[in-house]
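In what follows, a structure is listed as structure tokens, so that the remarks can point back to it.
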Amino acid sequence: MTAEQTPAPATSSRRTLGVMLLLTVLSAVLVLTAAGRTWAEGRAGTLDVSVTGGKISELPGGLALVGLAAAVAVFAVRGVGRLAVGALTLLAGLGAAAAAAAGAGDTAALDDEAARKLALTGSAATEVSHTGWPWVALAGGVLLAVAGLLTLRYGRGWPAMGSRYEAPTRKAPAKADTPGDLWKALDRGEDPTAV
């Protein structure tokens, strides 16, 4: 291969950054959508009862939001900070997937809803069925974990925010020799009396 045929490292790093961002957004959409849908249904006496994923466990939705925040933080940090963000994203994805899997067969929230509707403590739902939404949330968690792995593997080569976004540093004021220099320093926003 000649130098003209090899892809530029910048193009490759931007491509993996784009894939990471796409995976993060897609995973968050999957998890948050699934968390708002019905995960379990049943009956409480003659009443129908159902619970959403958010009622069963708030963990998948919360961890999806952590993943979205981490995707934004990738641009603000470099080096070890970016590795930490990748590890956080990986753990958030694994946690969301595990919580979704645990909630797939959970009936405690459905029993609580049955007891609330019947106004009888200790009531349990009958004819319980589960939907496929927990598995959608699990898939979203896995995609978020993959985004975290991409950040850990390729994050060091990704572009970061430029120095214009960093906090400004204070310059030492110029030495004022004349009263005119004092006024010019004040116009620039400097304190001409500071040493």
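Each chain in the structure tokens gets a letter, A, B and so on, in the order shown; residues start at 1 in every chain, and ligands are counted from 1 in the order they appear.
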As a CSV table (one decimal) with all heavy atoms, in the first residue's frame, list the residues of range 32-160 of chain A assigned to strand (DSSP E) by DSSP on the backbone atoms of this structure.
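File produced: out-v4.csv:
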chain,number,residue,atom,x,y,z
A,38,THR,N,-44.6,-1.2,29.5
A,38,THR,CA,-45.1,-2.3,30.4
A,38,THR,C,-44.2,-3.5,30.3
A,38,THR,O,-43.9,-4.0,29.3
A,38,THR,CB,-46.5,-2.7,30.0
A,38,THR,OG1,-47.4,-1.6,30.1
A,38,THR,CG2,-47.0,-3.8,31.0
A,39,TRP,N,-43.7,-3.9,31.5
A,39,TRP,CA,-42.8,-5.1,31.6
A,39,TRP,C,-43.6,-6.3,32.1
A,39,TRP,O,-43.3,-7.4,31.8
A,39,TRP,CB,-41.6,-4.8,32.5
A,39,TRP,CG,-40.6,-4.0,31.9
A,39,TRP,CD1,-40.7,-3.1,30.8
A,39,TRP,CD2,-39.2,-3.9,32.3
A,39,TRP,NE1,-39.5,-2.5,30.5
A,39,TRP,CE2,-38.6,-3.0,31.4
A,39,TRP,CE3,-38.5,-4.5,33.3
A,39,TRP,CZ2,-37.2,-2.6,31.5
A,39,TRP,CZ3,-37.1,-4.2,33.4
A,39,TRP,CH2,-36.5,-3.2,32.5
A,40,ALA,N,-44.6,-6.1,33.0
A,40,ALA,CA,-45.4,-7.2,33.5
A,40,ALA,C,-46.8,-6.8,33.6
A,40,ALA,O,-47.2,-5.7,33.9
A,40,ALA,CB,-44.8,-7.6,34.9
A,41,GLU,N,-47.7,-7.8,33.4
A,41,GLU,CA,-49.1,-7.6,33.5
A,41,GLU,C,-49.7,-8.8,34.3
A,41,GLU,O,-49.2,-9.9,34.3
A,41,GLU,CB,-49.8,-7.6,32.1
A,41,GLU,CG,-49.2,-6.5,31.2
A,41,GLU,CD,-49.7,-6.7,29.7
A,41,GLU,OE1,-49.6,-7.9,29.2
A,41,GLU,OE2,-50.1,-5.7,29.2
A,42,GLY,N,-50.9,-8.5,34.9
A,42,GLY,CA,-51.6,-9.6,35.6
A,42,GLY,C,-52.9,-9.1,36.0
A,42,GLY,O,-53.5,-8.1,35.5
A,43,ARG,N,-53.5,-9.9,37.0
A,43,ARG,CA,-54.8,-9.5,37.4
A,43,ARG,C,-54.8,-9.5,39.0
A,43,ARG,O,-54.1,-10.2,39.6
A,43,ARG,CB,-55.8,-10.6,37.0
A,43,ARG,CG,-55.9,-10.6,35.4
A,43,ARG,CD,-57.1,-11.3,34.9
A,43,ARG,NE,-58.4,-11.0,35.4
A,43,ARG,CZ,-59.2,-9.9,35.0
A,43,ARG,NH1,-58.7,-9.1,34.1
A,43,ARG,NH2,-60.4,-9.8,35.5
A,44,ALA,N,-55.6,-8.6,39.5
A,44,ALA,CA,-55.8,-8.4,40.9
A,44,ALA,C,-57.3,-8.6,41.1
A,44,ALA,O,-58.1,-7.6,41.0
A,44,ALA,CB,-55.3,-7.1,41.4
A,47,LEU,N,-59.6,-6.9,38.5
A,47,LEU,CA,-58.9,-5.8,37.9
A,47,LEU,C,-57.6,-6.2,37.2
A,47,LEU,O,-56.9,-7.1,37.6
A,47,LEU,CB,-58.6,-4.7,39.0
A,47,LEU,CG,-59.7,-4.2,39.8
A,47,LEU,CD1,-59.2,-3.3,40.9
A,47,LEU,CD2,-60.6,-3.4,38.9
A,48,ASP,N,-57.4,-5.5,36.0
A,48,ASP,CA,-56.1,-5.7,35.3
A,48,ASP,C,-55.1,-4.8,36.0
A,48,ASP,O,-55.3,-3.6,36.3
A,48,ASP,CB,-56.2,-5.3,33.9
A,48,ASP,CG,-57.1,-6.3,33.1
A,48,ASP,OD1,-57.1,-7.5,33.5
A,48,ASP,OD2,-57.7,-5.9,32.1
A,49,VAL,N,-53.9,-5.3,36.2
A,49,VAL,CA,-52.8,-4.5,36.7
A,49,VAL,C,-51.6,-4.7,35.8
A,49,VAL,O,-51.4,-5.7,35.2
A,49,VAL,CB,-52.4,-4.9,38.2
A,49,VAL,CG1,-53.5,-4.6,39.1
A,49,VAL,CG2,-52.1,-6.4,38.3
A,50,SER,N,-50.8,-3.6,35.7
A,50,SER,CA,-49.5,-3.7,34.9
A,50,SER,C,-48.5,-2.7,35.6
A,50,SER,O,-48.9,-1.8,36.2
A,50,SER,CB,-49.8,-3.3,33.5
A,50,SER,OG,-50.2,-2.0,33.4
A,51,VAL,N,-47.2,-3.0,35.3
A,51,VAL,CA,-46.2,-2.1,35.8
A,51,VAL,C,-45.2,-1.9,34.7
A,51,VAL,O,-44.9,-2.8,33.8
A,51,VAL,CB,-45.5,-2.7,37.0
A,51,VAL,CG1,-46.3,-2.6,38.3
A,51,VAL,CG2,-45.0,-4.1,36.8
A,52,THR,N,-44.6,-0.7,34.6
A,52,THR,CA,-43.6,-0.4,33.7
A,52,THR,C,-42.2,-0.8,34.2
A,52,THR,O,-42.1,-1.1,35.4
A,52,THR,CB,-43.6,1.1,33.4
A,52,THR,OG1,-43.3,1.8,34.6
A,52,THR,CG2,-44.9,1.6,32.8
A,126,THR,N,-52.3,-12.3,39.9
A,126,THR,CA,-52.4,-13.6,39.3
A,126,THR,C,-52.4,-13.5,37.8
A,126,THR,O,-52.4,-12.4,37.3
A,126,THR,CB,-53.8,-14.3,39.8
A,126,THR,OG1,-54.9,-13.4,39.3
A,126,THR,CG2,-53.9,-14.5,41.3
A,127,GLU,N,-52.3,-14.6,37.1
A,127,GLU,CA,-52.2,-14.6,35.7
A,127,GLU,C,-51.2,-13.7,35.2
A,127,GLU,O,-51.4,-12.9,34.2
A,127,GLU,CB,-53.6,-14.3,35.1
A,127,GLU,CG,-54.7,-15.2,35.5
A,127,GLU,CD,-56.1,-14.7,34.9
A,127,GLU,OE1,-56.1,-14.1,33.8
A,127,GLU,OE2,-57.1,-14.9,35.6
A,128,VAL,N,-50.0,-13.8,35.8
A,128,VAL,CA,-48.9,-12.9,35.5
A,128,VAL,C,-48.2,-13.2,34.1
A,128,VAL,O,-48.0,-14.4,33.8
A,128,VAL,CB,-47.8,-12.9,36.6
A,128,VAL,CG1,-46.6,-12.1,36.2
A,128,VAL,CG2,-48.4,-12.4,37.9
A,129,SER,N,-48.0,-12.2,33.3
A,129,SER,CA,-47.2,-12.4,32.1
A,129,SER,C,-46.2,-11.3,32.0
A,129,SER,O,-46.4,-10.2,32.5
A,129,SER,CB,-48.2,-12.4,30.9
A,129,SER,OG,-48.8,-11.2,30.7
A,130,HIS,N,-45.2,-11.5,31.2
A,130,HIS,CA,-44.1,-10.6,31.1
A,130,HIS,C,-44.0,-10.2,29.6
A,130,HIS,O,-44.2,-11.1,28.7
A,130,HIS,CB,-42.8,-11.1,31.6
A,130,HIS,CG,-42.8,-11.4,33.1
A,130,HIS,ND1,-42.6,-10.4,34.0
A,130,HIS,CD2,-43.0,-12.5,33.8
A,130,HIS,CE1,-42.7,-10.9,35.2
A,130,HIS,NE2,-43.0,-12.2,35.1
Exercise for the section: Assign secondary structure with DSSP using the backbone only, and return the residues of range 55-185 of chain A in helix (DSSP H, G or I) as JSON, numbers by chain. Expected result: {"A": [55, 56, 59, 60, 61, 62, 63, 64, 65, 66, 67, 68, 69, 70, 71, 72, 73, 74, 75, 76, 80, 81, 82, 83, 84, 85, 86, 87, 88, 89, 90, 91, 92, 93, 94, 95, 96, 97, 98, 99, 100, 101, 102, 103, 108, 109, 110, 111, 112, 113, 114, 115, 116, 117, 118, 133, 134, 135, 136, 137, 138, 139, 140, 141, 142, 143, 144, 145, 146, 147, 148, 149, 150, 151, 152, 153, 154, 155, 156, 157, 163, 164, 165, 179, 180, 181, 182, 183, 184, 185]}
Problem - Option closest in space to Thr24 in chain A, from A:Gly86, A:Gly157, A:Gly105, A:Pro192 [counting only C-alpha atoms] - result: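 Nearest candidate to Thr24 in chain A out of A:Gly86, A:Gly157, A:Gly105, A:Pro192: A:Gly86.
For the set A:Thr89, A:Thr178, A:Ser13, A:Ser27, the residue with the smallest atom-to-atom gap to Gly140 in chain A is A:Ser27, counting only C-alpha atoms.
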Practice task
Using only C-alpha atoms, find the one residue out of A:Gly61, A:Gly53, A:Gly79, A:Gly141 that sits nearest to Gly95 in chain A.
Solution key: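 Ranked by minimum distance to Gly95 in chain A, first place goes to A:Gly141.
Of the residues listed (A:Ala145, A:Ala119, A:Ala109, A:Val19), A:Ala145 shows the shortest atom-to-atom separation from Leu63 in chain A; distances use only C-alpha atoms.
Closest approach to Ser123 in chain A among A:Gly36, A:Gly45, A:Pro179, A:Pro159 is made by A:Gly45 (distances from only C-alpha atoms).
Among A:Leu152, A:Ala73, A:Leu30, A:Leu21, the residue with the shortest atom-to-atom distance to Leu91 in chain A, counting only C-alpha atoms, is A:Leu152.
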